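Asks: Sharing a structure, written as C-alpha cells. Questions coming.
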Amino acid sequence: MAQKTVTLQDCESQFLKNNLFLLASHYNIDAAKAMTIQARIWDNPTITAELNAYNPERNKYFDIGKEGQKAFGIEQLIYLGGKKRNEVKLAQTNEQLAELQFNDLLRTLKLQLRQSFYTVYYNTKSLEITDKQLVHIEDLINSYSIQAQKGNIPLRDVVRLQSLYLNFKNERMEVVNSSIEEQASLKLLLNSTETIIPDVSKDDFNKYLKIIPFDLKSFEDEAIANRPDYLAKQKEIEANELNVKWQKSLSIPDITLGANYDQRSGAFNKEANVSVGIPLPLWNKNKGNIKNAQAVLAQSKVEKQNFNLQLETEITSAWNKWDESRKNYAVIKPTVNSDFEAVYNGILTNFQKRNISLLEFTDFMESYNQANIQVNELKKKLALSGEELNTTINKDLF
C-alpha cells in the first residue's frame, strides 16, 4: 500500500483542496446565492386572450376579423408593504448564514484532522519502541528455549519471557487499533487512499509548551469575534427578525394592475381599459405565519444566551485541559532524553552478560515500555489539548 510522509501543513493543504465534506457543503453557499437571485425577481406578467369560437349571428366559427370579436389583456402584480425588499434582505442574510455554517464545518473538520494527525504520529512512536523490545524479547525466548531443552536453565524463565512478550503484544494491539481508526479518519478527511505517515518536528511540538496566562475575558472576546458558530447564532437572530418583518408585510394586500383591449363586447367598439385589483384581507391575514416567525425569533435569542454560557464553559475547560497537560509533561521533561536509550542498552547488555537476573530484566523492560508509552501519551495529550484550545477560540494560540 502506498505511503506518504507529510507535515501537518501538507495535510491541511490537501484537506482544503480535496475534502468531500467541504466540497459538498460549499454547494449550500451556491444554493443560498441562487435564492438571493430568485428573491430579486418579480412575478411574471400575465397575458390573456379571448377569441370568438362561434358567432351565431353570422353562423361563423372563429370570427375574429374586423367584424368579429377578440380581446386581449395584460396584468402585473405589484408588491406593497416592502415584501420584495424584506424577501431580498432575508435571502442575503441566509446567504451569509450559509457561509458561516461552512466556516464552522471547516473549523470542526480541521480539529479532527489535527487530532488524527497527532494521534497517528505518537501512536507510531510508541509502536516503534514496543516493536524494538519485542524483537529483543523474541530473540531471548528462542535462545532460552534452546537452553531450557538442554537443561541449562529452568523452564519457568522461558515462561516468564513468554508472558512478558504476550503482555507487550496486548498493549501493542490497543495502540494499533487506535491508529487504524485515526488513519482511516485521515484518509477520509484528505480523500486519499495512501497511508499517511505524519512528520512532527521538535518546533512543531515545543510550541504547545509556551505559557499562556488564563484571561477569560480576552479569550471570550477572541471567540466572539472569530468563531463562526457564534457569529451564526447572531446571524440567525438577524434572519429571524427579517422573517418576522417579511411575514408581517405578507399580510398587506398586493395590487394587480392591468390593461386590456376589447374589440366588440364592451360598452363600445375597440374598447381600451385599465384594471386594478386588490384582495380583501378578511380571513387570511397571515397571523399564523407571523406568530410562528415571532416564536422562532424568541427561541433563537434564548439559544444565543445559552451559547454565551456554553462558550465560557468551553473556554475554561479547554484551557484547563491544556494547562494540566503542559504541567504534566513539564514535570517529566528533564528525564525524557537520550539517557532512556542508554539505560535500556546498558540493561540489555548486562542481562546478556548475566550481570542481572531475569526478574530484574523483565521488571525493567515492563517499566521501560510503560515509561516510553506514557511519555508519548503525555505528548499526544498536550498536542491534542492545545489544538482543542485553538479551535475553541478559533485562533492559533500556538
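Residues in the C-alpha cells are numbered from 1 in each chain, the chains being A, B, ... in the order shown, and ligands are numbered from 1 in the order shown.
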Quick one: everything within 12 Å of region 339-346 of chain A, counting only C-alpha atoms, minus sequence neighbours fewer than 4 positions away in the same chain. Send it as a list in words.

Replies: Ile129, Lys132, Gln133, His136, Lys333, Pro334, Thr335, Asn350, Phe351, Gln352, Lys353, Asn355, Ile356, Phe361, Thr362, Phe364, Met365, Glu366, Ser367, Tyr368, Asn369, Ala371, Asn372 and Val375 of chain A

Asks: Write out as a PyMOL selection string each polymer residue whose atoms come within 8 Å of Phe398 (chain A), counting only C-alpha atoms; drop sequence neighbours fewer than 3 positions from it.

Replies: chain A and resi 207-208+210+386+390

Asks: Quick one: pick out all helix (DSSP H, G or I) residues within region 2-130 of chain A from a backbone DSSP run and write them as a PyMOL selection string.

Replies: chain A and resi 8-18+20-40+83-130

Asks: Looking at A:Leu358, A:Leu77, A:Ile41, A:Val200, which one is nearest to Lys379 (chain A), with distances taken over only C-alpha atoms?

Replies: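 Of all the options, A:Val200 lies closest to Lys379 (chain A).
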
Asks: Would you return as a PDB file with N, CA and C atoms, in the first residue's frame the members of region 162-228 of chain A that DSSP assigns to strand (DSSP E or B) on this structure's backbone?

Replies:
ATOM      1  N   THR A 195      -1.506   5.647   2.752  1.00  0.00           N
ATOM      2  CA  THR A 195      -1.296   5.629   4.198  1.00  0.00           C
ATOM      3  C   THR A 195      -0.476   6.854   4.583  1.00  0.00           C
ATOM      4  N   ILE A 196      -0.991   7.629   5.511  1.00  0.00           N
ATOM      5  CA  ILE A 196      -0.350   8.886   5.909  1.00  0.00           C
ATOM      6  C   ILE A 196       0.663   8.621   7.022  1.00  0.00           C
ATOM      7  N   ILE A 197       1.894   9.047   6.799  1.00  0.00           N
ATOM      8  CA  ILE A 197       2.953   8.950   7.819  1.00  0.00           C
ATOM      9  C   ILE A 197       3.236  10.369   8.311  1.00  0.00           C
ATOM     10  N   PRO A 198       2.702  10.745   9.477  1.00  0.00           N
ATOM     11  CA  PRO A 198       2.894  12.120   9.965  1.00  0.00           C
ATOM     12  C   PRO A 198       4.346  12.407  10.331  1.00  0.00           C
TER      13      PRO A 198
END

Asks: Report as a compact mmCIF listing (two decimals) with N, CA and C atoms, in the first residue's frame all protein, DNA and RNA residues lying within 9 Å of region 100-111 of chain A, evaluated on only C-alpha atoms, omitting residues in the same chain fewer than 6 positions from it.

Replies:
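Resulting contents of result-v7.txt:
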# COMPACT_ATOMS: atom_id res chain seq x y z
N GLU A 12 -3.06 19.83 5.83
CA GLU A 12 -4.11 20.84 5.80
C GLU A 12 -4.31 21.39 4.38
N PHE A 15 -6.19 18.79 2.56
CA PHE A 15 -7.54 18.76 3.13
C PHE A 15 -8.43 19.84 2.52
N LEU A 16 -7.90 21.05 2.41
CA LEU A 16 -8.68 22.17 1.86
C LEU A 16 -9.03 21.95 0.39
N PHE A 21 -16.47 16.59 2.28
CA PHE A 21 -17.45 17.26 3.13
C PHE A 21 -17.48 18.76 2.83
N LEU A 22 -16.28 19.35 2.68
CA LEU A 22 -16.20 20.77 2.38
C LEU A 22 -16.74 21.08 0.99
N SER A 25 -20.48 20.84 1.14
CA SER A 25 -21.06 21.93 1.92
C SER A 25 -21.01 23.25 1.17
N HIS A 26 -19.99 23.40 0.32
CA HIS A 26 -19.86 24.66 -0.42
C HIS A 26 -21.06 24.88 -1.34
N ASN A 28 -24.03 24.52 -0.51
CA ASN A 28 -25.05 25.22 0.28
C ASN A 28 -24.94 26.73 0.08
N ILE A 29 -23.70 27.22 -0.02
CA ILE A 29 -23.47 28.64 -0.27
C ILE A 29 -23.98 29.01 -1.65
N LEU A 189 -10.66 12.36 5.55
CA LEU A 189 -10.58 13.82 5.55
C LEU A 189 -9.77 14.34 4.37
N ARG A 227 -15.29 32.90 16.14
CA ARG A 227 -15.98 31.62 15.96
C ARG A 227 -17.20 31.75 15.05
N PRO A 228 -17.20 31.01 13.94
CA PRO A 228 -18.33 31.12 13.00
C PRO A 228 -19.64 30.62 13.57
N ASP A 229 -19.60 29.65 14.51
CA ASP A 229 -20.86 29.17 15.07
C ASP A 229 -21.49 30.24 15.97
N LEU A 231 -21.02 33.57 15.50
CA LEU A 231 -21.49 34.57 14.54
C LEU A 231 -22.76 34.09 13.84
N ALA A 232 -22.84 32.77 13.64
CA ALA A 232 -24.04 32.20 13.01
C ALA A 232 -25.25 32.37 13.92
N LYS A 235 -26.36 35.78 13.42
CA LYS A 235 -26.96 35.92 12.09
C LYS A 235 -28.33 35.26 12.03
N LEU A 384 -3.03 17.51 21.51
CA LEU A 384 -4.48 17.48 21.27
C LEU A 384 -5.21 18.55 22.07
N GLU A 387 -4.61 21.93 20.49
CA GLU A 387 -5.44 22.15 19.29
C GLU A 387 -6.91 22.36 19.67
N GLU A 388 -7.34 21.71 20.73
CA GLU A 388 -8.72 21.94 21.18
C GLU A 388 -8.89 23.37 21.67
N ASN A 390 -7.09 25.94 20.61
CA ASN A 390 -7.08 26.74 19.37
C ASN A 390 -8.47 26.79 18.75
N THR A 391 -9.11 25.62 18.66
CA THR A 391 -10.40 25.51 18.00
C THR A 391 -11.50 26.19 18.81
N ASN A 394 -10.93 29.57 18.13
CA ASN A 394 -10.79 29.70 16.66
C ASN A 394 -9.68 30.68 16.30
